[in-house]
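Novice: This is target-v6.cif (mmCIF, C-alpha atoms and all ligand atoms).
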data_protein
loop_
_atom_site.label_atom_id
_atom_site.label_comp_id
_atom_site.auth_asym_id
_atom_site.auth_seq_id
_atom_site.Cartn_x
_atom_site.Cartn_y
_atom_site.Cartn_z
CA MET A 1 106.32 -41.55 -7.80
CA ALA A 2 106.22 -44.46 -5.36
CA ALA A 3 102.58 -45.18 -6.21
CA PHE A 4 103.40 -45.16 -9.91
CA GLN A 5 106.25 -47.64 -9.49
CA GLU A 6 103.97 -50.04 -7.64
CA ARG A 7 101.49 -50.13 -10.51
CA PRO A 8 101.46 -53.14 -12.82
CA TRP A 9 102.67 -51.42 -16.00
CA GLY A 10 103.30 -53.37 -19.12
CA ARG A 11 106.93 -53.80 -20.10
CA GLU A 12 108.49 -51.53 -22.67
CA LEU A 13 108.41 -53.34 -25.97
CA ASP A 14 109.47 -52.48 -29.51
CA THR A 15 108.03 -54.37 -32.48
CA ARG A 16 108.37 -53.90 -36.25
CA LEU A 17 105.51 -55.18 -38.41
CA ASP A 18 104.55 -54.49 -42.02
CA GLY A 19 106.15 -51.05 -42.12
CA PHE A 20 105.04 -50.03 -38.62
CA SER A 21 107.37 -49.50 -35.70
CA ILE A 22 105.36 -50.03 -32.50
CA SER A 23 106.78 -48.94 -29.11
CA LEU A 24 104.66 -49.85 -26.13
CA TYR A 25 104.72 -48.37 -22.62
CA ARG A 26 107.14 -45.60 -23.44
CA LYS A 27 107.99 -43.32 -20.53
CA GLY A 28 107.84 -39.57 -20.92
CA LEU A 29 108.40 -36.84 -18.34
CA PHE A 30 106.61 -37.05 -15.01
CA SER A 31 105.95 -33.37 -14.42
CA TYR A 32 104.89 -30.69 -16.90
CA GLU A 33 107.68 -28.35 -17.84
CA LYS A 34 108.01 -25.25 -20.01
CA LEU A 35 110.08 -26.69 -22.82
CA SER A 36 110.82 -25.34 -26.26
CA TYR A 37 110.13 -28.73 -27.83
CA PRO A 38 107.13 -31.06 -27.54
CA ALA A 39 107.95 -33.51 -24.74
CA GLU A 40 105.55 -36.33 -24.02
CA TYR A 41 104.32 -36.93 -20.46
CA GLY A 42 103.45 -40.05 -18.48
CA ILE A 43 103.28 -43.52 -20.06
CA TYR A 44 102.11 -43.94 -23.64
CA HIS A 45 102.35 -46.01 -26.80
CA GLU A 46 103.92 -44.72 -30.01
CA VAL A 47 103.64 -45.96 -33.58
CA ALA A 48 105.54 -44.69 -36.62
CA GLY A 49 105.35 -45.78 -40.24
CA MET A 50 103.72 -45.14 -43.59
CA GLY A 51 104.28 -41.39 -43.33
CA LEU A 52 102.64 -40.79 -39.93
CA ARG A 53 103.74 -40.89 -36.30
CA ALA A 54 101.04 -41.30 -33.64
CA LEU A 55 100.74 -41.45 -29.87
CA PHE A 56 98.16 -43.56 -28.05
CA ASP A 57 97.02 -43.52 -24.45
CA LEU A 58 97.03 -46.56 -22.18
CA GLU A 59 93.52 -47.47 -23.40
CA CYS A 60 94.94 -47.52 -26.97
CA ARG A 61 93.02 -44.36 -27.96
CA LEU A 62 94.75 -42.12 -30.46
CA LYS A 63 95.78 -38.91 -28.70
CA ALA A 64 98.15 -37.16 -31.12
CA PHE A 65 99.59 -37.55 -34.60
CA LYS A 66 101.69 -35.80 -37.19
CA ALA A 67 103.01 -36.46 -40.67
CA GLU A 68 106.64 -37.32 -41.17
CA THR A 69 106.84 -35.80 -44.60
CA SER A 70 109.01 -32.93 -45.80
CA ASP A 71 106.01 -30.63 -46.29
CA TRP A 72 104.73 -30.97 -42.68
CA PRO A 73 104.79 -27.37 -41.30
CA HIS A 74 107.41 -28.09 -38.62
CA PRO A 75 108.82 -31.36 -37.20
CA HIS A 76 107.86 -30.25 -33.66
CA ASP A 77 104.18 -29.66 -34.51
CA TRP A 78 101.47 -32.18 -33.60
CA ILE A 79 97.72 -32.49 -33.95
CA ARG A 80 96.26 -33.49 -30.61
CA ILE A 81 92.84 -35.02 -30.05
CA THR A 82 91.04 -33.94 -26.89
CA SER A 83 89.06 -36.38 -24.75
CA GLY A 84 85.90 -35.05 -26.39
CA GLY A 85 87.26 -35.64 -29.91
CA GLU A 86 88.23 -32.04 -30.81
CA LEU A 87 91.32 -31.52 -32.96
CA VAL A 88 93.87 -28.97 -31.76
CA TYR A 89 97.02 -28.12 -33.72
CA TYR A 90 99.96 -27.60 -31.34
CA SER A 91 102.29 -25.23 -33.13
CA TYR A 92 105.74 -25.32 -31.61
CA GLY A 93 107.96 -24.55 -34.49
CA GLY A 94 106.83 -21.76 -36.70
CA TYR A 95 105.86 -18.93 -34.38
CA ALA A 96 108.74 -17.13 -32.68
CA ASP A 97 106.38 -14.81 -30.77
CA ALA A 98 104.69 -17.68 -28.90
CA PRO A 99 106.70 -17.43 -25.63
CA SER A 100 106.18 -13.70 -25.24
CA LEU A 101 102.52 -13.60 -26.30
CA TYR A 102 101.29 -16.86 -24.80
CA CYS A 103 103.88 -17.51 -22.03
CA GLU A 104 104.33 -20.98 -23.54
CA TYR A 105 106.62 -22.29 -26.26
CA TYR A 106 103.63 -23.58 -28.21
CA VAL A 107 100.35 -22.18 -29.45
CA PRO A 108 97.33 -24.50 -29.46
CA VAL A 109 95.07 -23.72 -32.43
CA PRO A 110 91.67 -25.46 -32.29
CA ALA A 111 90.17 -26.76 -35.52
CA ARG A 112 86.78 -25.32 -34.57
CA GLY A 113 85.61 -22.20 -32.78
CA GLY A 114 87.72 -20.41 -30.21
CA ASN A 115 89.20 -16.93 -30.18
CA SER A 116 92.48 -17.81 -31.84
CA ILE A 117 94.36 -14.93 -33.42
CA PHE A 118 97.10 -17.21 -34.70
CA PRO A 119 98.32 -15.62 -37.95
CA GLU A 120 97.28 -18.59 -40.08
CA ASN A 121 94.94 -21.55 -40.02
CA PRO A 122 97.16 -24.66 -39.89
CA PHE A 123 94.16 -26.86 -40.74
CA ALA A 124 93.97 -25.16 -44.14
CA LYS A 125 97.47 -26.33 -45.09
CA SER A 126 97.52 -29.15 -47.62
CA SER A 127 100.04 -31.25 -45.64
CA VAL A 128 97.86 -31.02 -42.50
CA ARG A 129 94.69 -31.81 -44.45
CA HIS A 130 96.45 -34.73 -46.07
CA ALA A 131 97.56 -36.13 -42.67
CA ILE A 132 93.99 -35.87 -41.34
CA ASP A 133 92.51 -37.42 -44.48
CA SER A 134 94.98 -40.31 -44.51
CA LEU A 135 94.55 -41.16 -40.83
CA PRO A 136 91.52 -43.52 -41.17
CA ALA A 137 93.31 -45.73 -43.75
CA TRP A 138 96.49 -45.61 -41.65
CA LEU A 139 94.57 -46.84 -38.58
CA ARG A 140 92.95 -49.61 -40.63
CA ALA A 141 96.38 -50.72 -41.89
CA LEU A 142 97.68 -50.74 -38.30
CA ALA A 143 94.67 -52.76 -37.11
CA ALA A 144 95.32 -55.28 -39.90
CA VAL A 145 98.67 -56.35 -38.41
CA GLU A 146 96.93 -57.88 -35.36
CA ALA A 147 97.06 -61.45 -36.68
CA ARG A 148 100.81 -61.19 -37.23
CA CYS A 149 101.72 -59.91 -33.74
CA ASP A 150 103.65 -62.62 -31.90
CA GLN A 151 103.81 -60.76 -28.60
CA PRO A 152 100.57 -60.74 -26.56
CA GLU A 153 101.15 -57.09 -25.59
CA SER A 154 101.37 -55.86 -29.18
CA ARG A 155 98.38 -58.00 -30.19
CA GLU A 156 96.36 -56.52 -27.34
CA PHE A 157 97.45 -52.99 -28.30
CA VAL A 158 96.49 -53.40 -31.97
CA ALA A 159 93.15 -54.95 -30.97
CA GLY A 160 92.56 -51.88 -28.76
CA VAL A 161 93.33 -49.54 -31.66
CA ARG A 162 90.84 -51.45 -33.84
CA LYS A 163 88.17 -51.31 -31.13
CA HIS A 164 88.40 -47.52 -30.83
CA GLY A 165 88.37 -46.99 -34.59
CA ASP A 166 88.92 -43.72 -36.32
CA PRO A 167 88.37 -40.59 -34.18
CA ILE A 168 88.00 -38.31 -37.21
CA ASN A 169 84.98 -39.97 -38.81
CA ASN A 170 83.58 -40.91 -35.40
CA ALA A 171 84.01 -37.42 -33.92
CA HIS A 172 80.27 -36.95 -33.26
CA LYS A 173 79.96 -40.29 -31.49
CA LEU A 174 83.06 -39.55 -29.45
CA LYS A 175 81.71 -36.16 -28.43
CA ALA A 176 78.34 -37.64 -27.49
CA ARG A 177 79.97 -40.38 -25.42
CA PHE A 178 82.22 -37.90 -23.65
CA SER A 179 79.32 -35.52 -22.86
CA LYS A 180 77.37 -38.47 -21.49
CA THR A 181 80.33 -39.46 -19.33
CA ALA A 182 80.94 -35.92 -18.09
CA ARG A 183 77.15 -35.45 -17.78
CA GLY A 184 77.38 -32.10 -19.53
CA THR A 185 79.53 -30.03 -21.82
CA VAL A 186 82.87 -28.30 -21.34
CA PRO A 187 82.55 -25.12 -23.42
CA VAL A 188 85.95 -23.86 -22.29
CA LEU A 189 88.89 -24.90 -20.12
CA PRO A 190 90.44 -22.37 -17.73
CA PRO A 191 93.51 -20.73 -19.30
CA ASP A 192 95.64 -21.95 -16.38
CA THR A 193 95.21 -25.52 -17.64
CA ARG A 194 98.04 -24.60 -20.02
CA HIS A 195 100.26 -25.62 -17.08
CA VAL A 196 99.21 -29.25 -17.75
CA ASN A 197 99.08 -28.87 -21.55
CA TYR A 198 95.25 -28.60 -21.26
CA ASN A 199 95.06 -32.18 -19.95
CA ALA A 200 92.47 -31.83 -17.21
CA ILE A 201 89.67 -34.26 -16.33
CA PRO A 202 86.38 -32.33 -16.31
CA LEU A 203 84.42 -32.93 -13.12
CA LEU A 204 81.32 -30.74 -13.45
CA ILE A 205 80.12 -29.64 -10.02
CA GLN A 206 77.73 -26.97 -11.26
CA ASP A 207 75.99 -25.92 -14.46
CA GLY A 208 75.85 -22.49 -16.05
CA CYS A 209 77.16 -19.28 -14.50
CA LEU A 210 75.88 -16.30 -12.52
CA TYR A 211 75.85 -13.61 -15.20
CA ASN A 212 75.17 -14.84 -18.75
CA CYS A 213 77.02 -11.82 -20.18
CA GLY A 214 76.07 -10.64 -23.66
CA PHE A 215 79.56 -10.84 -25.20
CA CYS A 216 80.37 -14.35 -24.02
CA THR A 217 80.47 -17.25 -26.48
CA VAL A 218 81.23 -19.96 -23.90
CA LYS A 219 78.22 -19.54 -21.66
CA THR A 220 75.79 -22.43 -21.53
CA SER A 221 72.73 -20.17 -21.13
CA SER A 222 71.52 -22.34 -18.27
CA LEU A 223 70.88 -20.84 -14.88
CA PHE A 224 73.46 -21.50 -12.20
CA ARG A 225 72.81 -24.88 -10.57
CA GLU A 226 74.97 -26.66 -8.07
CA ARG A 227 75.20 -30.43 -8.51
CA SER A 228 74.55 -32.74 -5.57
CA PRO A 229 77.25 -34.89 -3.94
CA VAL A 230 75.55 -37.98 -5.40
CA GLU A 231 75.64 -36.52 -8.94
CA ILE A 232 79.31 -35.58 -8.52
CA ALA A 233 80.27 -39.05 -7.25
CA ARG A 234 78.36 -40.76 -10.11
CA GLN A 235 80.07 -38.51 -12.63
CA ALA A 236 83.48 -39.27 -11.11
CA PHE A 237 82.81 -43.03 -11.41
CA SER A 238 81.83 -42.70 -15.08
CA LEU A 239 84.95 -40.62 -15.75
CA ARG A 240 87.01 -43.25 -14.01
CA GLU A 241 85.55 -45.88 -16.32
CA PHE A 242 86.02 -43.68 -19.40
CA PHE A 243 89.71 -42.94 -18.75
CA GLY A 244 90.36 -46.50 -17.56
CA LYS A 245 94.04 -47.41 -17.32
CA ASP A 246 95.02 -44.02 -18.70
CA LEU A 247 93.74 -42.34 -15.53
CA ALA A 248 97.25 -42.86 -14.20
CA ASN A 249 98.44 -40.19 -16.66
CA TRP A 250 96.08 -37.46 -15.43
CA ASN A 251 97.18 -35.14 -12.64
CA GLY A 252 94.77 -32.29 -13.35
CA VAL A 253 91.04 -31.94 -12.64
CA PHE A 254 88.88 -29.10 -13.92
CA LEU A 255 85.98 -28.41 -11.57
CA GLY A 256 83.43 -27.04 -14.06
CA GLN A 257 81.46 -25.54 -15.51
CA ASN A 258 81.86 -21.76 -15.59
CA ASP A 259 81.80 -20.67 -11.92
CA ALA A 260 82.69 -23.53 -9.57
CA LEU A 261 83.83 -21.11 -6.86
CA ALA A 262 80.17 -20.06 -6.47
CA CYS A 263 79.40 -23.55 -5.08
CA SER A 264 79.08 -24.19 -1.39
CA PRO A 265 82.19 -25.36 0.50
CA VAL A 266 80.42 -28.71 1.03
CA THR A 267 80.15 -29.26 -2.74
CA ILE A 268 83.75 -28.20 -3.34
CA GLU A 269 84.97 -30.47 -0.56
CA CYS A 270 82.98 -33.32 -2.06
CA ALA A 271 84.61 -32.65 -5.47
CA ILE A 272 88.09 -32.67 -3.92
CA GLU A 273 87.20 -35.97 -2.26
CA ALA A 274 85.98 -37.43 -5.59
CA ALA A 275 89.18 -36.25 -7.35
CA THR A 276 91.25 -37.87 -4.61
CA ARG A 277 89.39 -41.11 -3.87
CA ILE A 278 87.57 -41.93 -7.13
CA LEU A 279 89.76 -40.35 -9.81
CA GLU A 280 92.90 -40.97 -7.75
CA VAL A 281 94.58 -37.91 -9.20
CA LYS A 282 97.08 -37.83 -6.36
CA GLN A 283 98.25 -41.30 -7.48
CA SER A 284 99.00 -40.13 -11.04
CA CYS A 285 102.45 -40.86 -12.36
CA ILE A 286 102.55 -37.14 -13.30
CA THR A 287 102.91 -34.72 -10.41
CA PRO A 288 101.91 -32.46 -8.75
CA PRO A 289 98.13 -32.98 -8.52
CA SER A 290 96.28 -29.85 -9.65
CA ILE A 291 92.76 -28.46 -9.55
CA PHE A 292 91.47 -25.78 -11.91
CA MET A 293 88.25 -23.78 -11.78
CA PHE A 294 86.58 -20.59 -12.94
CA ALA A 295 85.26 -17.87 -10.65
CA SER A 296 83.33 -14.65 -11.09
CA VAL A 297 83.45 -11.19 -9.50
CA LYS A 298 80.57 -12.21 -7.25
CA SER A 299 81.88 -15.63 -6.25
CA VAL A 300 85.37 -14.38 -5.43
CA THR A 301 84.11 -11.55 -3.24
CA GLY A 302 81.39 -13.70 -1.69
CA ALA A 303 83.52 -16.74 -0.79
CA ARG A 304 84.60 -16.93 2.82
CA ASP A 305 88.21 -17.28 3.91
CA ALA A 306 87.48 -20.85 5.05
CA LEU A 307 86.83 -21.92 1.46
CA PHE A 308 90.22 -20.63 0.32
CA ASP A 309 91.81 -22.37 3.33
CA LEU A 310 90.11 -25.60 2.25
CA LEU A 311 91.55 -25.27 -1.27
CA SER A 312 94.96 -24.20 -0.06
CA ASP A 313 95.19 -27.18 2.32
CA SER A 314 93.68 -29.74 -0.07
CA GLY A 315 96.98 -31.25 -1.16
CA PHE A 316 96.38 -29.95 -4.70
CA ARG A 317 97.89 -26.97 -6.47
CA CYS A 318 94.74 -24.87 -7.01
CA PHE A 319 94.30 -22.49 -9.92
CA ILE A 320 91.27 -20.19 -9.98
CA ASN A 321 90.55 -17.99 -12.98
CA VAL A 322 88.32 -14.94 -12.48
CA GLY A 323 86.52 -13.15 -15.32
CA PHE A 324 87.00 -9.43 -14.55
CA GLU A 325 86.85 -8.28 -18.20
CA SER A 326 87.23 -4.52 -17.46
CA PHE A 327 87.60 -1.84 -14.78
CA HIS A 328 85.68 0.58 -17.01
CA ASP A 329 81.91 1.01 -16.62
CA PRO A 330 81.10 1.92 -20.27
CA THR A 331 83.12 -1.13 -21.45
CA LEU A 332 81.32 -3.43 -19.00
CA LYS A 333 78.06 -2.05 -20.35
CA GLN A 334 79.22 -2.60 -23.94
CA LEU A 335 80.09 -6.20 -23.02
CA GLN A 336 76.67 -6.60 -21.37
CA LYS A 337 78.31 -7.84 -18.21
CA PRO A 338 75.99 -7.15 -15.29
CA VAL A 339 78.59 -5.83 -12.81
CA ASP A 340 80.01 -2.37 -12.23
CA ALA A 341 83.62 -1.22 -12.14
CA GLY A 342 83.53 -0.83 -8.34
CA GLN A 343 82.58 -4.50 -7.93
CA VAL A 344 85.35 -5.57 -10.33
CA ARG A 345 87.90 -3.48 -8.41
CA GLU A 346 86.73 -4.98 -5.09
CA ALA A 347 87.10 -8.52 -6.50
CA ALA A 348 90.60 -7.74 -7.85
CA GLU A 349 91.67 -6.43 -4.45
CA ARG A 350 90.33 -9.55 -2.77
CA VAL A 351 92.37 -11.69 -5.18
CA LEU A 352 95.54 -9.75 -4.42
CA GLU A 353 94.98 -10.18 -0.69
CA LEU A 354 94.36 -13.94 -1.09
CA SER A 355 97.39 -14.35 -3.35
CA CYS A 356 99.60 -12.90 -0.63
CA THR A 357 98.26 -15.07 2.15
CA ARG A 358 97.52 -18.54 0.72
CA LYS A 359 99.98 -21.14 -0.39
CA ASN A 360 99.17 -23.57 -3.25
CA LEU A 361 96.64 -21.07 -4.57
CA THR A 362 97.10 -19.12 -7.81
CA ILE A 363 94.28 -16.80 -8.79
CA SER A 364 94.46 -15.32 -12.27
CA GLY A 365 92.27 -12.70 -13.94
CA ASN A 366 90.88 -12.18 -17.42
CA PHE A 367 90.40 -8.93 -19.29
CA VAL A 368 88.75 -8.61 -22.67
CA LEU A 369 90.41 -7.06 -25.73
CA GLY A 370 88.86 -6.04 -29.01
CA THR A 371 89.20 -3.49 -31.75
CA GLY A 372 87.29 -0.32 -31.06
CA MET A 373 87.23 -0.75 -27.28
CA SER A 374 87.69 2.39 -25.24
CA GLU A 375 91.21 3.68 -24.70
CA ARG A 376 90.29 4.20 -21.03
CA HIS A 377 89.59 0.46 -20.68
CA LEU A 378 93.17 -0.26 -21.75
CA GLU A 379 94.64 2.50 -19.55
CA LEU A 380 92.90 1.09 -16.47
CA ILE A 381 94.30 -2.41 -17.12
CA ALA A 382 97.80 -0.97 -17.62
CA ASP A 383 97.46 1.13 -14.43
CA PHE A 384 96.39 -1.92 -12.46
CA MET A 385 99.43 -3.86 -13.63
CA SER A 386 101.94 -1.07 -13.15
CA THR A 387 100.80 0.81 -10.05
CA ASP A 388 99.62 -1.96 -7.77
CA SER A 389 102.80 -3.44 -6.39
CA GLU A 390 101.09 -6.74 -5.65
CA ALA A 391 99.51 -7.07 -9.11
CA GLY A 392 102.45 -9.07 -10.34
CA LYS A 393 101.22 -11.89 -8.12
CA MET A 394 98.07 -12.21 -10.20
CA PRO A 395 98.72 -13.71 -13.64
CA LEU A 396 96.58 -11.83 -16.17
CA TYR A 397 95.08 -13.14 -19.38
CA LEU A 398 94.05 -10.88 -22.23
CA SER A 399 91.14 -12.45 -24.04
CA PRO A 400 90.46 -11.41 -27.65
CA LEU A 401 86.75 -11.20 -28.43
CA VAL A 402 85.62 -14.08 -30.61
CA GLY A 403 85.57 -13.09 -34.27
CA GLU A 404 88.22 -10.38 -33.82
CA ARG A 405 89.63 -9.71 -37.27
CA ASN A 406 92.03 -6.82 -36.76
CA ILE A 407 94.84 -9.04 -35.54
CA GLY A 408 97.63 -6.52 -36.15
CA SER A 409 95.97 -3.88 -33.99
CA LEU A 410 95.20 -6.43 -31.28
CA LEU A 411 98.78 -7.63 -31.12
CA ARG A 412 100.00 -4.05 -30.83
CA THR A 413 97.64 -3.58 -27.87
CA VAL A 414 98.93 -6.74 -26.19
CA ARG A 415 102.54 -5.60 -26.66
CA ARG A 416 101.68 -2.20 -25.27
CA LEU A 417 100.00 -3.65 -22.16
CA GLN A 418 102.92 -6.01 -21.64
CA LYS A 419 105.31 -3.04 -21.84
CA GLU A 420 103.30 -0.58 -19.76
CA GLY A 421 102.32 -3.00 -17.05
CA SER A 422 104.99 -4.57 -14.95
CA GLY A 423 102.73 -7.55 -14.22
CA ARG A 424 102.72 -10.68 -16.30
CA CYS A 425 100.02 -10.91 -18.94
CA CYS A 426 99.55 -13.18 -21.89
CA LEU A 427 96.95 -14.06 -24.49
CA TYR A 428 94.00 -16.24 -23.56
CA GLN A 429 93.21 -19.19 -25.79
CA ILE A 430 89.71 -20.68 -25.72
CA ILE A 431 90.24 -24.44 -25.70
CA THR A 432 87.29 -26.76 -25.35
CA LEU A 433 87.06 -30.53 -24.93
S1 LIG B 501 81.96 -14.35 -19.15
FE1 LIG B 501 81.80 -15.83 -17.47
S2 LIG B 501 80.10 -15.06 -16.22
FE2 LIG B 501 79.91 -14.05 -18.23
S3 LIG B 501 78.59 -15.41 -19.41
FE3 LIG B 501 80.66 -16.06 -19.87
S4 LIG B 501 81.00 -17.72 -18.44
FE4 LIG B 501 79.24 -16.57 -17.67
#
With the file now loaded, output its structure as structure tokens.

Specialist:
Amino acid sequence: MAAFQERPWGRELDTRLDGFSISLYRKGLFSYEKLSYPAEYGIYHEVAGMGLRALFDLECRLKAFKAETSDWPHPHDWIRITSGGELVYYSYGGYADAPSLYCEYYVPVPARGGNSIFPENPFAKSSVRHAIDSLPAWLRALAAVEARCDQPESREFVAGVRKHGDPINNAHKLKARFSKTARGTVPVLPPDTRHVNYNAIPLLIQDGCLYNCGFCTVKTSSLFRERSPVEIARQAFSLREFFGKDLANWNGVFLGQNDALACSPVTIECAIEAATRILEVKQSCITPPSIFMFASVKSVTGARDALFDLLSDSGFRCFINVGFESFHDPTLKQLQKPVDAGQVREAAERVLELSCTRKNLTISGNFVLGTGMSERHLELIADFMSTDSEAGKMPLYLSPLVGERNIGSLLRTVRRLQKEGSGRCCLYQIITL
């Protein structure tokens, strides 16, 4: 907090111009909390008027918007725009089951792709479509007030909005620019990034993954490759430039892509250094600083204790998410995952041991769910949660297979596993950038 106060922030300023109410440098909360309403975090700009309300980051990029009309699905709901230009509908209001199924008060529903089993598609609603369709004209009208701003801060803000343009019609350009900055793609964020509302800077320290499983829709199909310290530092500098002043609002870093724990300790140490010195995540006005990464059965069993000590002592809260998928050999075969149940069990036991002995380290596990999967697969997950006394220390995510249509049956399975297992488990949402 001290570092934040020393920064040269602009002053809070409220202006009314041509039907727009512009509030600059608003202050939100400074640590992510589990709240039943949509709080804003860090420092941001807000504009309301002409039927829409929108939030902008400190570089004047649009980051969220909603309609303020009576037919908007719920006053707490927002459409958020990821750094890579993807639209995600954050449903807070209309889904009472969200806290028990997702362990959050909101459900993020991506406009494209993902494994969402949300009971409806919010992007198909006419009020949501209308808000998206009217956004470009709304941004043009906002940009047009520049000449009439008497305060330099509001003039600078409106000029920034005009410079960035409309993220809906420019989505492809935005995506291309972001992939160039990140020097790769982010096919999925770890589910634990929900603890920072999926706001994590992607620092890719490796490409691909070790297994390329048949069922997986987020694999990159490239062979596992570790990036060099020079590549990681260059990437961190381009990310620093991309996020600009808004970097101060980012306290989470995702070390990607799909199996960062398989990297050497030297590479991981270099990434922690880049997150600290170049991205300055520990100086964010939002605390605490956090690192997220994926791991596999092989990388979690193969990593030495010293690597977990390094993460635990890094000054970051570290979240590692391991793809176990199943303890059942025929199911692993059906998923075309090239590991056996004994290896999965060994990795799960290693995680439990690490969870008991390392501070600042949370290791979660994923299991796959789908209609028609073996009953034994489900029994083994339930047994793991209920009979292993330490299993409660490992948060578990249940990941619906992409394209799953039998939502009713899937939800019954989730409820059953939640009831039978004493450990915590919730639904996994595929969110990309
Ligand atoms: S499930 Fe994990 S290990 Fe398997 S292909 Fe997907 S990203 Fe790779």

Novice: Can you list every residue of chain A that has an atom at most 8 Å from ligand LIG 501 (chain B), with its nearest atom pair and the distance in Å to one decimal, using all atoms listed in the file, ordered by chain then number, as a tab-separated table?

Specialist:
residue	atom	partner	partner_atom	distance
A:Gly208	CA	B:LIG501	FE4	7.0
A:Cys209	CA	B:LIG501	FE4	4.7
A:Leu210	CA	B:LIG501	S2	5.7
A:Tyr211	CA	B:LIG501	S2	4.6
A:Asn212	CA	B:LIG501	S3	3.5
A:Cys213	CA	B:LIG501	S3	4.0
A:Gly214	CA	B:LIG501	S3	6.9
A:Phe215	CA	B:LIG501	S1	7.4
A:Cys216	CA	B:LIG501	FE3	4.5
A:Thr217	CA	B:LIG501	FE3	6.7
A:Val218	CA	B:LIG501	FE3	5.6
A:Lys219	CA	B:LIG501	FE3	4.6
A:Thr220	CA	B:LIG501	S4	7.7
A:Ser221	CA	B:LIG501	S3	7.7
A:Asn258	CA	B:LIG501	S4	5.0
A:Asp259	CA	B:LIG501	S4	7.2
A:Ala295	CA	B:LIG501	FE1	7.9
A:Ser296	CA	B:LIG501	S2	6.1
A:Gly323	CA	B:LIG501	FE1	5.8
A:Glu325	CA	B:LIG501	S1	7.9
A:Lys337	CA	B:LIG501	FE2	6.4

Novice: Looking at all atoms listed in the file, which of A:Gly160, A:Pro229, A:Gly256, A:Gly51 is the one that sits closest to Pro190 (chain A)?

Specialist: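 Selected residue with least distance to Pro190 (chain A): A:Gly256.
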
Novice: Determine the nearest neighbour of Val281 (chain A) from the options A:Ser312, A:Ser326, A:Ser126, A:Asn249, counting all atoms listed in the file.

Specialist: A:Asn249

Novice: Find the residues around Phe157 (chain A) up to 9 Å (only C-alpha atoms counted), leave out those fewer than 3 positions away in its own chain, and share them as a VMD selection string.

Specialist: chain A and resid 24 45 58 to 60 146 152 to 154 160 to 162

Novice: For the residues in that selection, give me C-alpha atoms as an mmCIF file, in the frame of the given file.

Specialist:
data_model
loop_
_atom_site.group_PDB
_atom_site.id
_atom_site.type_symbol
_atom_site.label_atom_id
_atom_site.label_comp_id
_atom_site.auth_asym_id
_atom_site.auth_seq_id
_atom_site.Cartn_x
_atom_site.Cartn_y
_atom_site.Cartn_z
ATOM 1 C CA LEU A 24 104.660 -49.850 -26.130
ATOM 2 C CA HIS A 45 102.350 -46.010 -26.800
ATOM 3 C CA LEU A 58 97.030 -46.560 -22.180
ATOM 4 C CA GLU A 59 93.520 -47.470 -23.400
ATOM 5 C CA CYS A 60 94.940 -47.520 -26.970
ATOM 6 C CA GLU A 146 96.930 -57.880 -35.360
ATOM 7 C CA PRO A 152 100.570 -60.740 -26.560
ATOM 8 C CA GLU A 153 101.150 -57.090 -25.590
ATOM 9 C CA SER A 154 101.370 -55.860 -29.180
ATOM 10 C CA GLY A 160 92.560 -51.880 -28.760
ATOM 11 C CA VAL A 161 93.330 -49.540 -31.660
ATOM 12 C CA ARG A 162 90.840 -51.450 -33.840
#

Novice: Which one is closest to His74 (chain A): A:Phe243, A:Phe178, A:Phe254, A:Tyr95? Count all atoms listed in the file.

Specialist: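 Nearest to His74 (chain A): A:Tyr95.
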
Novice: Calculate how many Å separate CA of Cys103 (chain A) from CA of Lys34 (chain A), rounding to one decimal.

Specialist: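 We find that CA of Cys103 (chain A) and CA of Lys34 (chain A) lie 9.0 Å from each other.
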
Novice: Hey, can you check how far CA of Ser238 (chain A) sits from CA of Gly113 (chain A)?

Specialist: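 A separation of 27.3 Å between them.
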
Novice: Measuring between all atoms listed in the file, which one of A:Arg234, A:His130, A:Arg11, A:His328 shows the shortest distance to Glu68 (chain A)?

Specialist: A:His130
